[in-house]
Amino acid sequence: MEWNAAVKDRIKARLKEKENTLASYACKSSDAIRFHEMLDDVRLNFSHDSDKIVNSYCYSRYIDKTQVFYLVENDHITHRVLHVQLVSKIARTIGRFLNLNEDLIEAISLGHDVGHTPFGHDGERIISGILQEKNEGIFEHNVQSFRLFHDLEVYGTGLNLTAQVLDGIICHNGEILKNEYCCNRNKTPDRLLDEYKKSLDGSFKSKDMVPMTLEGGVMRISDVIAYVGRDVKDALILKLIKPEDVPKEITEILGDDNEKIVNTLITDLVNNSIDKDSLSFSPDVFNALNQLKNWNYNNIYTNPKKSSQDEKIKKMFRTVFEICLEELHSGEKKVTGINHWYEKMSEKYKETNSLPRVVADYVSGMTDDYLMNIYKEIVIPKSFGISFEEK
């Protein structure tokens with residue numbers, strides 16, 4: 001059904017009127033830039049991008065991707081699909097308080113982690129290591145998120161998201177904490193593409209990127225706010241740590257549970273950033289947040305109980321990666337399914353990517369369960385029926 005022309009005009013006028021009430025340094029949808037022309041739509045550009053993202057194949061795979069903890073049976077542990085929802089909620093709340101563009105913030109938030117591999121950051125490091133061994137660049141999940149939306153979805157043609165959304169996605173880096181988040185409004189789409197290409201070969205690290213919008217900065221810090229206390233909560237559920245383990249000098253400032261930590265960080269950030277074109281915490285809160293982030297690394301992410309599964313997943317990744325590469329070289333359609341996928345991709349994709357990078361695209365896009373199932377298909381015939389658990 002077509003829109004009634006008069007109704008369509010009224011809707012557009014109302015949406016434009018709302019956008020005109022945003023802060024002067026907010027990014028308006030009328031400023032959105034696309035790499036390819038698109039048919040006129042009643043939706044604002046960034047809102048349209050959110051719809052594109054949630055209907056993408058890579059977004060649907062969030063449902064079975066690790067956030068931090070893997071190979072554990074507990075339905076209350078955070079998975080990637082919940083993490084991105086938490087980031088979106090936190091970021092939109094901050095954006096609302098600072099009078100920024102919530103549509104842009106939501107689109108960046110929902111799409112920022114689609115490039116994560118199975119088994120989270122551990123899988124990311126393994127795939128990056130394999131690519132480096134083959135002299136095929138590096139792998140970073142935020143760069144892969146950009147790559148999925150710009151180059152891989154729709155069989156290698158991309159979703160034609162706006163430059164501002166893609167920029168916020170590739171610039172997100174929850175592992176790097178800063179005491180001030182700024183933006184570079186002079187950054188062009190051409191520069192964005194150049195940074196993307198250099199990030200693939202490792203000549204430019206995405207941690208050094210600065211987003212072109214303040215909304216991109218909001219999402220970047222919201223990523224940290226969403227995980228830093230939630231990871232403590234998950235670790236408590238799994239009994240990796242005890243409540244009293246977290247240092248008092250941290251809990252006295254930020255709070256002693258995730259809800260208090262999130263509230264403290266949002267409140268402090270808004271208190272120190274309102275009516276400014278940059279984002280910052282107060283010195284005490286920033287120092288406590290930095291301490292908690294470092295404490296999490298030493299006591300949760302590198303906890304021996306968690307890292308005890310490292311060798312198992314390394315073996316899975318390397319085995320599946322090499323078999324995928326063998327199947328691509330031979331053209332045979334066997335257990336991995338990579339040739340079924342590859343033959344549907346565009347000719348441009350096939351002509352511009354090496355086979356190891358193609359395998360990295362395919363394996364990184366798998367869910368946790370799919371990777372494990374492919375591994376089982378490979379090893380069980382060779383192990384005379386020994387189960388995966390026994391291996």
# chains A, B, ... in the order shown; residues from 1 in each chain; ligands from 1
call {"tool": "residues_around", "arguments": {"residues": "A:Lys350", "least_positions_apart": "4", "cutoff": "12 Å", "atoms": "only C-alpha atoms", "output": "list in words"}}
result
Asp151, Leu152, Tyr155, Gly156, Thr157, Leu328, Asn339, Trp341, Tyr342, Glu343, Lys344, Met345, Ser346, Ser354, Leu355, Pro356, Arg357, Val358 and Val359 of chain A
call {"tool": "closest_residue", "arguments": {"among": "A:Ile130, A:Cys171, A:Leu161, A:Met219", "to": "A:Leu325", "atoms": "only C-alpha atoms"}}
result
A:Ile130
call {"tool": "closest_atom_pairs", "arguments": {"of": "stretch 215-330 of chain A", "to": "stretch 53-71 of chain A", "cutoff": "10 Å", "atoms": "only C-alpha atoms", "output": "CSV"}}
result
residue,atom,partner,partner_atom,distance
A:Tyr227,CA,A:Gln67,CA,9.1
A:Asp231,CA,A:Val68,CA,7.5
A:Asp234,CA,A:Phe69,CA,8.3
A:Ala235,CA,A:Phe69,CA,8.6
A:Leu238,CA,A:Phe69,CA,9.2
A:Ile300,CA,A:Val68,CA,9.2
A:Tyr301,CA,A:Val68,CA,7.5
A:Lys306,CA,A:Phe69,CA,7.2
A:Ser307,CA,A:Phe69,CA,9.7
A:Gln309,CA,A:Leu71,CA,8.0
A:Ile313,CA,A:Leu71,CA,9.7
call {"tool": "write_last_selection", "arguments": {"atoms": "N, CA and C atoms", "output": "PDB file, in the first residue's frame"}}
result
ATOM      1  N   TYR A 227      28.765  -3.294  30.111  1.00  0.00           N
ATOM      2  CA  TYR A 227      29.393  -4.583  30.438  1.00  0.00           C
ATOM      3  C   TYR A 227      30.148  -4.607  31.754  1.00  0.00           C
ATOM      4  N   ASP A 231      29.345  -7.848  33.887  1.00  0.00           N
ATOM      5  CA  ASP A 231      30.300  -8.960  33.921  1.00  0.00           C
ATOM      6  C   ASP A 231      30.584  -9.394  35.353  1.00  0.00           C
ATOM      7  N   ASP A 234      27.575 -11.519  36.319  1.00  0.00           N
ATOM      8  CA  ASP A 234      27.659 -12.869  35.746  1.00  0.00           C
ATOM      9  C   ASP A 234      28.711 -13.716  36.459  1.00  0.00           C
ATOM     10  N   ALA A 235      29.834 -13.096  36.781  1.00  0.00           N
ATOM     11  CA  ALA A 235      30.897 -13.834  37.474  1.00  0.00           C
ATOM     12  C   ALA A 235      30.452 -14.279  38.861  1.00  0.00           C
ATOM     13  N   LEU A 238      28.258 -17.358  38.460  1.00  0.00           N
ATOM     14  CA  LEU A 238      29.065 -18.543  38.168  1.00  0.00           C
ATOM     15  C   LEU A 238      30.054 -18.879  39.284  1.00  0.00           C
ATOM     16  N   ILE A 300      38.359 -11.716  36.335  1.00  0.00           N
ATOM     17  CA  ILE A 300      37.261 -12.381  35.623  1.00  0.00           C
ATOM     18  C   ILE A 300      37.723 -12.891  34.261  1.00  0.00           C
ATOM     19  N   TYR A 301      38.164 -11.982  33.382  1.00  0.00           N
ATOM     20  CA  TYR A 301      38.461 -12.373  32.007  1.00  0.00           C
ATOM     21  C   TYR A 301      39.658 -13.320  31.910  1.00  0.00           C
ATOM     22  N   LYS A 306      37.923 -19.652  33.988  1.00  0.00           N
ATOM     23  CA  LYS A 306      37.368 -19.288  32.688  1.00  0.00           C
ATOM     24  C   LYS A 306      38.297 -19.716  31.558  1.00  0.00           C
ATOM     25  N   SER A 307      39.600 -19.493  31.731  1.00  0.00           N
ATOM     26  CA  SER A 307      40.557 -19.771  30.662  1.00  0.00           C
ATOM     27  C   SER A 307      40.867 -21.254  30.498  1.00  0.00           C
ATOM     28  N   GLN A 309      39.107 -23.417  29.289  1.00  0.00           N
ATOM     29  CA  GLN A 309      38.529 -23.913  28.033  1.00  0.00           C
ATOM     30  C   GLN A 309      39.270 -23.386  26.809  1.00  0.00           C
ATOM     31  N   ILE A 313      38.767 -24.393  22.485  1.00  0.00           N
ATOM     32  CA  ILE A 313      38.224 -23.566  21.410  1.00  0.00           C
ATOM     33  C   ILE A 313      39.292 -23.228  20.374  1.00  0.00           C
TER      34      ILE A 313
END
call {"tool": "closest_residue", "arguments": {"among": "A:His48, A:Lys134, A:Arg230, A:His76", "to": "A:Leu292", "atoms": "only C-alpha atoms"}}
result
A:Arg230
call {"tool": "closest_atom_pairs", "arguments": {"of": "stretch 242-314 of chain A", "to": "stretch 181-188 of chain A", "cutoff": "8 Å", "atoms": "only C-alpha atoms", "output": "JSON lines"}}
result
{"residue": "A:Asp277", "atom": "CA", "partner": "A:Cys182", "partner_atom": "CA", "distance": 7.2}
{"residue": "A:Ser278", "atom": "CA", "partner": "A:Cys182", "partner_atom": "CA", "distance": 4.8}
{"residue": "A:Leu279", "atom": "CA", "partner": "A:Tyr181", "partner_atom": "CA", "distance": 4.9}
{"residue": "A:Ser280", "atom": "CA", "partner": "A:Tyr181", "partner_atom": "CA", "distance": 6.5}
call {"tool": "write_last_selection", "arguments": {"atoms": "all heavy atoms", "output": "PDB file, in the first residue's frame"}}
result
ATOM      1  N   ASP A 277      30.010  19.740  23.888  1.00  0.00           N
ATOM      2  CA  ASP A 277      30.162  18.934  22.672  1.00  0.00           C
ATOM      3  C   ASP A 277      31.224  17.854  22.852  1.00  0.00           C
ATOM      4  O   ASP A 277      31.841  17.400  21.894  1.00  0.00           O
ATOM      5  CB  ASP A 277      30.483  19.807  21.465  1.00  0.00           C
ATOM      6  CG  ASP A 277      31.799  20.563  21.606  1.00  0.00           C
ATOM      7  OD1 ASP A 277      32.418  20.480  22.692  1.00  0.00           O
ATOM      8  OD2 ASP A 277      32.205  21.222  20.633  1.00  0.00           O
ATOM      9  N   SER A 278      31.413  17.421  24.096  1.00  0.00           N
ATOM     10  CA  SER A 278      32.255  16.272  24.404  1.00  0.00           C
ATOM     11  C   SER A 278      31.670  15.564  25.616  1.00  0.00           C
ATOM     12  O   SER A 278      30.791  16.118  26.307  1.00  0.00           O
ATOM     13  CB  SER A 278      33.703  16.695  24.673  1.00  0.00           C
ATOM     14  OG  SER A 278      33.782  17.506  25.826  1.00  0.00           O
ATOM     15  N   LEU A 279      32.154  14.366  25.899  1.00  0.00           N
ATOM     16  CA  LEU A 279      31.628  13.548  26.991  1.00  0.00           C
ATOM     17  C   LEU A 279      32.740  13.247  27.986  1.00  0.00           C
ATOM     18  O   LEU A 279      33.852  12.900  27.587  1.00  0.00           O
ATOM     19  CB  LEU A 279      31.074  12.229  26.453  1.00  0.00           C
ATOM     20  CG  LEU A 279      30.067  12.318  25.307  1.00  0.00           C
ATOM     21  CD1 LEU A 279      29.892  10.959  24.657  1.00  0.00           C
ATOM     22  CD2 LEU A 279      28.742  12.851  25.801  1.00  0.00           C
ATOM     23  N   SER A 280      32.432  13.365  29.271  1.00  0.00           N
ATOM     24  CA  SER A 280      33.449  13.056  30.276  1.00  0.00           C
ATOM     25  C   SER A 280      32.798  12.720  31.611  1.00  0.00           C
ATOM     26  O   SER A 280      31.668  13.130  31.894  1.00  0.00           O
ATOM     27  CB  SER A 280      34.423  14.220  30.453  1.00  0.00           C
ATOM     28  OG  SER A 280      33.738  15.377  30.912  1.00  0.00           O
TER      29      SER A 280
END
call {"tool": "closest_residue", "arguments": {"among": "A:Ile108, A:Val143, A:Val165, A:Leu100", "to": "A:Phe204", "atoms": "only C-alpha atoms"}}
result
A:Val143
